[in-house]
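Below: one structure, written as structure tokens.
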Amino acid sequence: MSQDLNLSPSGPALDEETARAEIYGLLSQLFYAAPGEELLAQLQVAVTEAPDAGTFLEDPWRELVACARSQSQAQIAAEYTGLFGGVGKPEVYLFGSHYISGFLNEKPLVKLRHDLAELGLDRRPDMSETEDHAAYVFEVMRYLIAGDDVAVANLTHQMAFFNQHVQPWVSLMCQSLQAHPRAVFYARVAAFTTAFMSVE
């Protein structure tokens, strides 16, 4: 999850599919960990004007970039830990099973693992989180859009995976984040994610 990103969700040099893959890649990184100095620096200088005024993602993107410019890397890292980390129950869950079934490691995760196996995909050995983590499902979507193997990376698989493993719960996660009193940067990430999901 350490790819270089063109951090303009509607940059003129990007076609729609490339732009979608870039956004999924960015969301994957932001939900996997607090942005490091390099990614935060990219966000802080990102273009905020869309080629066509009034583009649906323009306002939430502008607010996210403005928040990135106003926060230090240490502040955002502390927010990430406070919201998603720590010992015991996190303030906000990043796992689909929690939102779909009310419990972690339940039937939605089993179904997800089955569907990933059908696509020939599995979790990297160095990733400790389960596959229903937001970062993981966003990374799978990025691959299904931008991967080289067209037998796997195609619109049919994108739609099926999104409808089964992204759409049912990501908006609920984002609502929890936007309502959390200590979410500042990640409330903006959630607002942008919600806007993006609504046009997917």
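Chain labels run A, B, ... following the order of the structure tokens; each chain numbers its residues from 1, and ligands are numbered from 1 in the order shown.
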
**Request:** Compile the contact shell of Glu106 in chain A as a ChimeraX atom specification: residues with an atom at most 10 Å away, counting only C-alpha atoms, same-chain residues fewer than 6 positions apart removed.
**Result:** /A:96-98,100

Could the residues in this selection be saved with C-alpha atoms as a short mmCIF file (atom, residue, chain, number, x, y, z; two decimals), in the first residue's frame?
```cif
data_model
loop_
_atom_site.label_atom_id
_atom_site.label_comp_id
_atom_site.auth_asym_id
_atom_site.auth_seq_id
_atom_site.Cartn_x
_atom_site.Cartn_y
_atom_site.Cartn_z
CA GLY A 96 -16.97 -4.97 7.73
CA SER A 97 -18.14 -7.90 9.88
CA HIS A 98 -18.82 -5.52 12.76
CA ILE A 100 -22.88 -6.26 8.80
#
```

**Surrounding residues of Ala153 in chain A excluding itself and chain neighbours under 6 positions, 7 Å, only C-alpha atoms, as a list in words** =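 Those residues are Tyr143, Leu144, Ile145, Ala146 and Gly147 of chain A.
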
Go ahead and save the residues from that selection, with N, CA and C atoms, as a PDB file, in the first residue's frame.
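Final output, saved to result.pdb:
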```
ATOM      1  N   TYR A 143      -7.282  -3.058  -7.116  1.00  0.00           N
ATOM      2  CA  TYR A 143      -6.729  -4.101  -7.987  1.00  0.00           C
ATOM      3  C   TYR A 143      -7.738  -4.523  -9.057  1.00  0.00           C
ATOM      4  N   LEU A 144      -8.988  -4.666  -8.678  1.00  0.00           N
ATOM      5  CA  LEU A 144     -10.001  -5.092  -9.647  1.00  0.00           C
ATOM      6  C   LEU A 144     -10.215  -4.064 -10.749  1.00  0.00           C
ATOM      7  N   ILE A 145      -9.847  -2.827 -10.487  1.00  0.00           N
ATOM      8  CA  ILE A 145      -9.927  -1.774 -11.502  1.00  0.00           C
ATOM      9  C   ILE A 145      -8.651  -1.716 -12.327  1.00  0.00           C
ATOM     10  N   ALA A 146      -7.504  -1.778 -11.654  1.00  0.00           N
ATOM     11  CA  ALA A 146      -6.227  -1.474 -12.316  1.00  0.00           C
ATOM     12  C   ALA A 146      -5.323  -2.676 -12.543  1.00  0.00           C
ATOM     13  N   GLY A 147      -5.734  -3.857 -12.100  1.00  0.00           N
ATOM     14  CA  GLY A 147      -4.877  -5.033 -12.259  1.00  0.00           C
ATOM     15  C   GLY A 147      -4.674  -5.425 -13.708  1.00  0.00           C
TER      16      GLY A 147
END
```

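With distances restricted to only C-alpha atoms, A:Val65 is the closest residue to Val45 in chain A from A:Val92, A:Val65, A:Ala74, A:Val152.
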
**Prompt:** Near range 164-171 of chain A, counting only C-alpha atoms, which residues have an atom at most 9 Å away, once you skip same-chain residues fewer than 5 positions from it, shown as a PyMOL selection string?
**Reply:** chain A and resi 94-100+108+111-112+132+134+137-138+141+159+176+190+193-194+197

If you keep N, CA, C and O atoms, can you produce a file of those selected residues as a short mmCIF file (atom, residue, chain, number, x, y, z; two decimals), in the first residue's frame?
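Contents of the output file again-v2.cif:
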```
data_model
loop_
_atom_site.label_atom_id
_atom_site.label_comp_id
_atom_site.auth_asym_id
_atom_site.auth_seq_id
_atom_site.Cartn_x
_atom_site.Cartn_y
_atom_site.Cartn_z
N LEU A 94 -13.04 -0.65 11.96
CA LEU A 94 -12.71 -0.57 10.54
C LEU A 94 -13.00 -1.89 9.82
O LEU A 94 -12.52 -2.10 8.71
N PHE A 95 -13.80 -2.75 10.43
CA PHE A 95 -14.02 -4.10 9.91
C PHE A 95 -15.47 -4.30 9.49
O PHE A 95 -16.40 -4.04 10.26
N GLY A 96 -15.64 -4.80 8.27
CA GLY A 96 -16.97 -4.97 7.73
C GLY A 96 -17.87 -5.88 8.55
O GLY A 96 -19.07 -5.63 8.68
N SER A 97 -17.32 -6.96 9.11
CA SER A 97 -18.14 -7.90 9.88
C SER A 97 -18.86 -7.21 11.03
O SER A 97 -20.00 -7.55 11.35
N HIS A 98 -18.20 -6.24 11.64
CA HIS A 98 -18.82 -5.52 12.76
C HIS A 98 -20.09 -4.81 12.32
O HIS A 98 -21.11 -4.84 13.03
N TYR A 99 -20.06 -4.19 11.16
CA TYR A 99 -21.21 -3.42 10.70
C TYR A 99 -22.29 -4.29 10.07
O TYR A 99 -23.48 -3.96 10.14
N ILE A 100 -21.90 -5.40 9.47
CA ILE A 100 -22.88 -6.26 8.80
C ILE A 100 -23.57 -7.20 9.78
O ILE A 100 -24.78 -7.38 9.74
N PRO A 108 -19.81 -12.76 7.47
CA PRO A 108 -19.38 -11.90 6.36
C PRO A 108 -17.91 -12.07 6.01
O PRO A 108 -17.54 -11.99 4.83
N LYS A 111 -17.54 -15.34 4.02
CA LYS A 111 -17.98 -15.11 2.64
C LYS A 111 -16.94 -14.32 1.86
O LYS A 111 -16.64 -14.62 0.70
N LEU A 112 -16.37 -13.29 2.49
CA LEU A 112 -15.34 -12.48 1.83
C LEU A 112 -14.14 -13.34 1.47
O LEU A 112 -13.62 -13.26 0.34
N ASP A 132 -11.57 -8.21 6.08
CA ASP A 132 -12.71 -7.28 6.03
C ASP A 132 -12.35 -5.90 6.55
O ASP A 132 -13.23 -5.05 6.75
N ALA A 134 -11.24 -2.13 6.24
CA ALA A 134 -11.53 -1.16 5.18
C ALA A 134 -10.37 -1.02 4.20
O ALA A 134 -10.57 -0.97 2.98
N VAL A 137 -10.35 -4.07 1.72
CA VAL A 137 -11.37 -4.11 0.68
C VAL A 137 -11.17 -2.99 -0.34
O VAL A 137 -11.43 -3.17 -1.54
N PHE A 138 -10.66 -1.84 0.11
CA PHE A 138 -10.37 -0.76 -0.84
C PHE A 138 -9.21 -1.15 -1.75
O PHE A 138 -9.21 -0.83 -2.94
N MET A 141 -10.52 -3.45 -4.37
CA MET A 141 -11.21 -2.68 -5.41
C MET A 141 -10.20 -2.01 -6.34
O MET A 141 -10.39 -2.00 -7.57
N MET A 159 -18.15 -4.83 -9.80
CA MET A 159 -19.52 -4.62 -9.36
C MET A 159 -19.94 -5.65 -8.32
O MET A 159 -20.55 -5.30 -7.30
N SER A 176 -20.20 6.66 11.52
CA SER A 176 -19.63 6.59 12.87
C SER A 176 -18.47 7.56 13.02
O SER A 176 -18.33 8.24 14.05
N ALA A 190 -13.81 10.45 5.99
CA ALA A 190 -15.09 9.75 5.92
C ALA A 190 -16.06 10.47 4.99
O ALA A 190 -16.79 9.82 4.23
N THR A 193 -14.97 9.75 1.51
CA THR A 193 -15.28 8.35 1.20
C THR A 193 -16.76 8.18 0.90
O THR A 193 -17.14 7.50 -0.06
N THR A 194 -17.61 8.79 1.71
CA THR A 194 -19.06 8.71 1.50
C THR A 194 -19.45 9.27 0.14
O THR A 194 -20.25 8.67 -0.59
N MET A 197 -18.28 6.82 -2.52
CA MET A 197 -19.12 5.62 -2.56
C MET A 197 -20.45 5.92 -3.26
O MET A 197 -21.01 5.06 -3.95
#
```

**Fill in**
Closest of A:Leu27, A:Ala19, A:Ala46, A:Val150 to Tyr136 in chain A, counting only C-alpha atoms, is A:Leu27

**Request:** Select from chain A everything DSSP, run on the backbone, classes as helix (DSSP H, G or I), then give the selection as a ChimeraX atom specification.
**Result:** /A:16-32,37-44,58-70,73-84,96-101,107-118,134-146,155-165,170-179,185-199

**Request:** Using CA of Glu79 in chain A and CA of Ala187 in chain A as the two end points, give the distance in Å to one decimal.
**Result:**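 These two atoms are separated by 10.5 Å.
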
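Residue nearest Ala195 in chain A, chosen from A:Gln75, A:Val47, A:Gln175, A:Asp115 and counting only C-alpha atoms: A:Gln175.
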
**Fill in**
Counting only C-alpha atoms, closest pick from A:Glu17, A:Arg123, A:Ala77, A:Tyr186 relative to Gln158 in chain A is A:Glu17

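Pairwise distance (CA of Ala151 in chain A, CA of Tyr24 in chain A) equals 20.1 Å.
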
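If only C-alpha atoms are the atoms counted, then among A:Val184, A:Val199, A:Leu155, A:Ala135 the closest residue to Tyr32 in chain A is A:Ala135.
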
**Message:** Please determine, counting only C-alpha atoms, which residue among A:His157, A:Glu22, A:Phe103, A:Thr55 has the shortest atom-to-atom distance to Glu118 in chain A.
**Reply:**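 Nearest to Glu118 in chain A: A:His157.
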
**Asked** Could you pull the residues within 7 Å of range 59-61 of chain A, counting only C-alpha atoms, minus those fewer than 3 positions along the same chain, as an MDAnalysis selection string?
**Response** chainID A and resid 48 64:65 191:192

Same residues, N, CA, C and O atoms, saved as an mmCIF file, in the first residue's frame:
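That gives us result37.cif:
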```
data_model
loop_
_atom_site.group_PDB
_atom_site.id
_atom_site.type_symbol
_atom_site.label_atom_id
_atom_site.label_comp_id
_atom_site.auth_asym_id
_atom_site.auth_seq_id
_atom_site.Cartn_x
_atom_site.Cartn_y
_atom_site.Cartn_z
ATOM 1 N N THR A 48 -6.960 21.084 -5.758
ATOM 2 C CA THR A 48 -8.320 20.996 -5.210
ATOM 3 C C THR A 48 -9.381 21.484 -6.184
ATOM 4 O O THR A 48 -10.573 21.333 -5.916
ATOM 5 N N LEU A 64 -10.995 17.913 2.687
ATOM 6 C CA LEU A 64 -9.976 16.969 3.156
ATOM 7 C C LEU A 64 -8.586 17.555 3.007
ATOM 8 O O LEU A 64 -7.763 17.480 3.931
ATOM 9 N N VAL A 65 -8.295 18.145 1.862
ATOM 10 C CA VAL A 65 -6.977 18.741 1.630
ATOM 11 C C VAL A 65 -6.747 19.902 2.594
ATOM 12 O O VAL A 65 -5.656 20.047 3.167
ATOM 13 N N ALA A 191 -16.093 11.799 5.045
ATOM 14 C CA ALA A 191 -16.994 12.555 4.172
ATOM 15 C C ALA A 191 -16.620 12.354 2.709
ATOM 16 O O ALA A 191 -17.494 12.178 1.845
ATOM 17 N N PHE A 192 -15.315 12.367 2.423
ATOM 18 C CA PHE A 192 -14.873 12.130 1.046
ATOM 19 C C PHE A 192 -15.195 10.702 0.614
ATOM 20 O O PHE A 192 -15.654 10.471 -0.514
#
```
